[in-house]
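Undergrad: Enclosed is the structure file work.csv (CSV, C-alpha atoms and all ligand atoms).
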chain,number,residue,atom,x,y,z
A,49,MET,CA,3.2,30.6,18.5
A,50,ALA,CA,4.2,30.0,14.9
A,51,ASP,CA,2.6,31.8,12.0
A,52,LEU,CA,0.3,30.0,9.7
A,53,LEU,CA,1.8,29.5,6.2
A,54,SER,CA,0.0,31.1,3.2
A,55,ASP,CA,-1.3,28.9,0.4
A,56,GLU,CA,1.7,30.0,-1.7
A,57,GLU,CA,4.2,29.2,1.0
A,58,ILE,CA,2.7,25.7,1.5
A,59,GLU,CA,2.8,25.0,-2.2
A,60,ALA,CA,6.4,26.2,-2.4
A,61,GLU,CA,7.7,24.4,0.7
A,62,LEU,CA,5.7,21.1,0.6
A,63,PRO,CA,8.2,18.3,0.1
A,64,ALA,CA,7.8,16.1,-2.9
A,65,GLU,CA,5.3,13.2,-2.5
A,66,TRP,CA,3.4,15.1,0.2
A,67,ASP,CA,-0.1,16.5,-0.4
A,68,ARG,CA,-2.1,19.2,1.2
A,69,GLU,CA,-5.6,18.4,2.3
A,70,ASP,CA,-7.2,21.5,3.8
A,71,ASP,CA,-5.4,22.3,7.1
A,72,GLU,CA,-3.2,19.2,6.9
A,73,ILE,CA,-0.2,17.8,4.9
A,74,VAL,CA,-0.3,14.1,4.3
A,75,ARG,CA,1.8,11.3,2.9
A,76,VAL,CA,1.2,7.6,2.7
A,77,TYR,CA,4.3,5.4,2.9
A,78,GLU,CA,3.8,2.0,1.4
A,79,PHE,CA,5.4,-1.1,2.9
A,80,ASP,CA,5.2,-4.7,1.7
A,81,ASP,CA,5.9,-6.0,5.2
A,82,TYR,CA,3.5,-4.9,8.0
A,83,LEU,CA,6.2,-4.9,10.7
A,84,ARG,CA,8.4,-2.6,8.6
A,85,GLY,CA,5.5,-0.2,8.7
A,86,VAL,CA,5.2,-0.5,12.4
A,87,ASN,CA,8.9,0.1,12.8
A,88,PHE,CA,8.6,3.2,10.6
A,89,ALA,CA,5.8,4.5,12.7
A,90,GLN,CA,8.0,4.1,15.8
A,91,MET,CA,10.7,6.1,14.1
A,92,VAL,CA,8.2,8.9,13.2
A,93,GLY,CA,7.1,8.9,16.8
A,94,GLU,CA,10.6,9.4,18.0
A,95,ILE,CA,11.1,12.3,15.7
A,96,ALA,CA,7.8,13.8,16.9
A,97,GLU,CA,8.8,13.6,20.5
A,98,ALA,CA,12.2,15.2,19.7
A,99,GLN,CA,10.4,18.0,17.8
A,100,PHE,CA,7.4,18.1,20.3
A,101,HIS,CA,5.2,18.2,17.2
A,102,HIS,CA,3.0,15.2,16.8
A,103,PRO,CA,1.4,13.8,13.6
A,104,GLU,CA,-1.5,11.5,13.3
A,105,ILE,CA,-0.1,8.1,12.3
A,106,VAL,CA,-2.3,5.4,10.8
A,107,ILE,CA,-0.7,2.0,10.4
A,108,ARG,CA,-2.4,-0.2,7.8
A,109,TYR,CA,-1.5,-3.6,6.3
A,110,SER,CA,-0.4,-1.8,3.1
A,111,GLY,CA,1.4,1.1,4.6
A,112,VAL,CA,1.5,4.0,7.0
A,113,GLU,CA,-0.3,7.3,6.6
A,114,ILE,CA,1.2,10.4,8.2
A,115,ARG,CA,-1.0,13.5,8.7
A,116,LEU,CA,0.5,16.8,10.1
A,117,THR,CA,-1.1,20.0,11.2
A,118,SER,CA,-0.4,22.6,13.9
A,119,HIS,CA,-3.3,22.2,16.3
A,120,GLU,CA,-2.6,25.2,18.4
A,121,GLU,CA,-2.3,27.5,15.4
A,122,GLY,CA,-5.2,25.8,13.6
A,123,GLY,CA,-3.4,25.1,10.4
A,124,ILE,CA,-0.1,24.4,8.6
A,125,THR,CA,3.1,26.0,9.9
A,126,GLU,CA,6.8,25.6,9.4
A,127,ALA,CA,6.7,23.0,12.2
A,128,ASP,CA,4.7,20.7,9.9
A,129,ILE,CA,7.0,21.3,6.9
A,130,GLU,CA,10.0,20.6,9.1
A,131,MET,CA,8.5,17.4,10.4
A,132,ALA,CA,7.8,16.2,6.9
A,133,GLU,CA,11.4,17.0,5.9
A,134,LEU,CA,12.8,15.1,8.9
A,135,ILE,CA,10.6,12.1,8.2
A,136,GLU,CA,11.7,12.1,4.6
A,137,SER,CA,15.4,12.3,5.5
A,138,GLU,CA,15.0,9.4,8.0
A,139,ARG,CA,13.1,7.4,5.5
A,140,ASP,CA,15.9,7.8,3.0
A,141,ALA,CA,18.6,7.1,5.6
B,1,LIG,C1,-0.3,21.5,24.3
B,1,LIG,C2,0.1,21.1,22.9
B,1,LIG,O1,-0.5,19.9,22.6
B,1,LIG,C3,1.7,20.9,22.8
B,1,LIG,O2,2.2,22.2,23.1
B,1,LIG,C4,2.2,20.5,21.5
B,1,LIG,C5,2.3,19.0,21.3
B,1,LIG,N1,2.4,18.5,20.0
B,1,LIG,C6,1.7,19.2,19.0
B,1,LIG,N2,1.6,18.6,17.8
B,1,LIG,C7,0.9,19.2,16.8
B,1,LIG,N3,0.8,18.6,15.6
B,1,LIG,N4,0.4,20.4,17.0
B,1,LIG,C8,0.5,21.1,18.1
B,1,LIG,O3,-0.1,22.2,18.3
B,1,LIG,C9,1.2,20.5,19.2
B,1,LIG,N5,1.3,21.1,20.4
Go through the file and emit its structure as structure tokens.
TA:
Amino acid sequence: MADLLSDEEIEAELPAEWDREDDEIVRVYEFDDYLRGVNFAQMVGEIAEAQFHHPEIVIRYSGVEIRLTSHEEGGITEADIEMAELIESERDA
């Protein structure tokens, strides 16, 4: 079971463009083409399966919202930060 991160750790480790909302970290990725958003969501899902750490993914016409939290721990852990970093690196690929 991973440890919950402190407020200071979250602030220090949260990747740019991501926000903290209570026990979640969140980012909205905007797309001007709906199916590019769908494909992005698929990619996020594949990362989640590989990490066995699953975000909430909301696909909208304007973009895709990713929300991460560690359900078993009841808050934000390193697993959430790592997922955000992996998504960012894939997005930039
Ligand atoms: C039983 C539990 O759902 C699994 O161990 C994994 C699956 N994916 C998960 N994803 C997230 N975000 N948090 C979890 O605690 C988690 N647990």
Undergrad: May I have the residues within 12 Å of Gly93 (chain A) as a list in words, using all atoms listed in the file and disregarding those fewer than 4 positions away in the same chain?
TA: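 Result of the neighbour search: Val86, Asn87, Phe88, Ala89, Glu97, Ala98, Gln99, Phe100, His101, His102, Pro103, Glu104, Ile105, Val106, Ile114, Met131, Leu134, Ile135 and Glu138 of chain A.
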Undergrad: Please provide as a list in words all residues within 9 Å of Tyr109 (chain A), with the sequence filter that same-chain residues fewer than 5 positions apart are discarded (counting only C-alpha atoms).
TA: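 The contact residues come out as Phe79, Asp80, Asp81, Tyr82, Leu83 and Gly85 of chain A.
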Undergrad: Can you measure CA of Ile58 (chain A) to CA of Ile129 (chain A) for me? One decimal in Å is fine.
TA: 8.2 Å
Undergrad: Kindly indicate which residue among A:Leu53, A:His119, A:Glu130, A:Arg139 lies nearest to Ala96 (chain A), using all atoms listed in the file for the distances.
TA: A:Glu130
Undergrad: Using only C-alpha atoms and all ligand atoms, can you tell me which of A:Gln90, A:Ala141, A:Arg84, A:Glu72 comes closest to ligand LIG 1 (chain B)?
TA: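 Closest residue, counting only C-alpha atoms and all ligand atoms: A:Glu72.
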Undergrad: Of the candidates A:Glu136, A:Glu59, A:Glu65, A:Asp51, which one gets nearest to ligand LIG 1 (chain B) if we count all atoms listed in the file?
TA: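 Smallest separation from ligand LIG 1 (chain B) among the options: A:Asp51.
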Undergrad: Just the number, please: distance in Å from CA of Val112 (chain A) to CA of Arg68 (chain A), one decimal.
TA: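 Between CA of Val112 (chain A) and CA of Arg68 (chain A) the gap works out to 16.7 Å.
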Undergrad: Hey, which of A:Ser118, A:Ser137, A:Ser110, A:Thr125 ends up closest to ligand LIG 1 (chain B)? Count all atoms listed in the file.
TA: A:Ser118
Undergrad: Please determine, counting only C-alpha atoms and all ligand atoms, which residue among A:Leu62, A:Met91, A:Leu52, A:Val76 has the shortest atom-to-atom distance to ligand LIG 1 (chain B).
TA: A:Leu52
Undergrad: As a PDB file with C-alpha atoms, in the coordinates of the input, please: the residues near Ile73 (chain A) (cut-off 7 Å, only C-alpha atoms, same-chain neighbours under 5 positions excluded).
TA:
ATOM      1  CA  TRP A  66       3.400  15.100   0.200  1.00  0.00           C
ATOM      2  CA  ASP A  67      -0.100  16.500  -0.400  1.00  0.00           C
ATOM      3  CA  ARG A  68      -2.100  19.200   1.200  1.00  0.00           C
ATOM      4  CA  ARG A 115      -1.000  13.500   8.700  1.00  0.00           C
ATOM      5  CA  LEU A 116       0.500  16.800  10.100  1.00  0.00           C
ATOM      6  CA  THR A 117      -1.100  20.000  11.200  1.00  0.00           C
TER       7      THR A 117
END
Undergrad: Measuring atom to atom with only C-alpha atoms, identify which of A:Glu133, A:Glu69, A:Glu126, A:Glu78 is nearest to Ile107 (chain A).
TA: A:Glu78
Undergrad: Enter the distance from CA of Val74 (chain A) to CA of Glu113 (chain A), in Å, rounded to one decimal.
TA: 7.2 Å
Undergrad: What are the centre and edge lengths in Å, to one decimal, of the axis-aligned box around all listed atoms of region 60-72 of chain A with 3 Å added on each side, as AutoDock Vina command-line options?
TA:
--center_x 0.5 --center_y 19.7 --center_z 2.1 --size_x 21.4 --size_y 19.0 --size_z 16.0
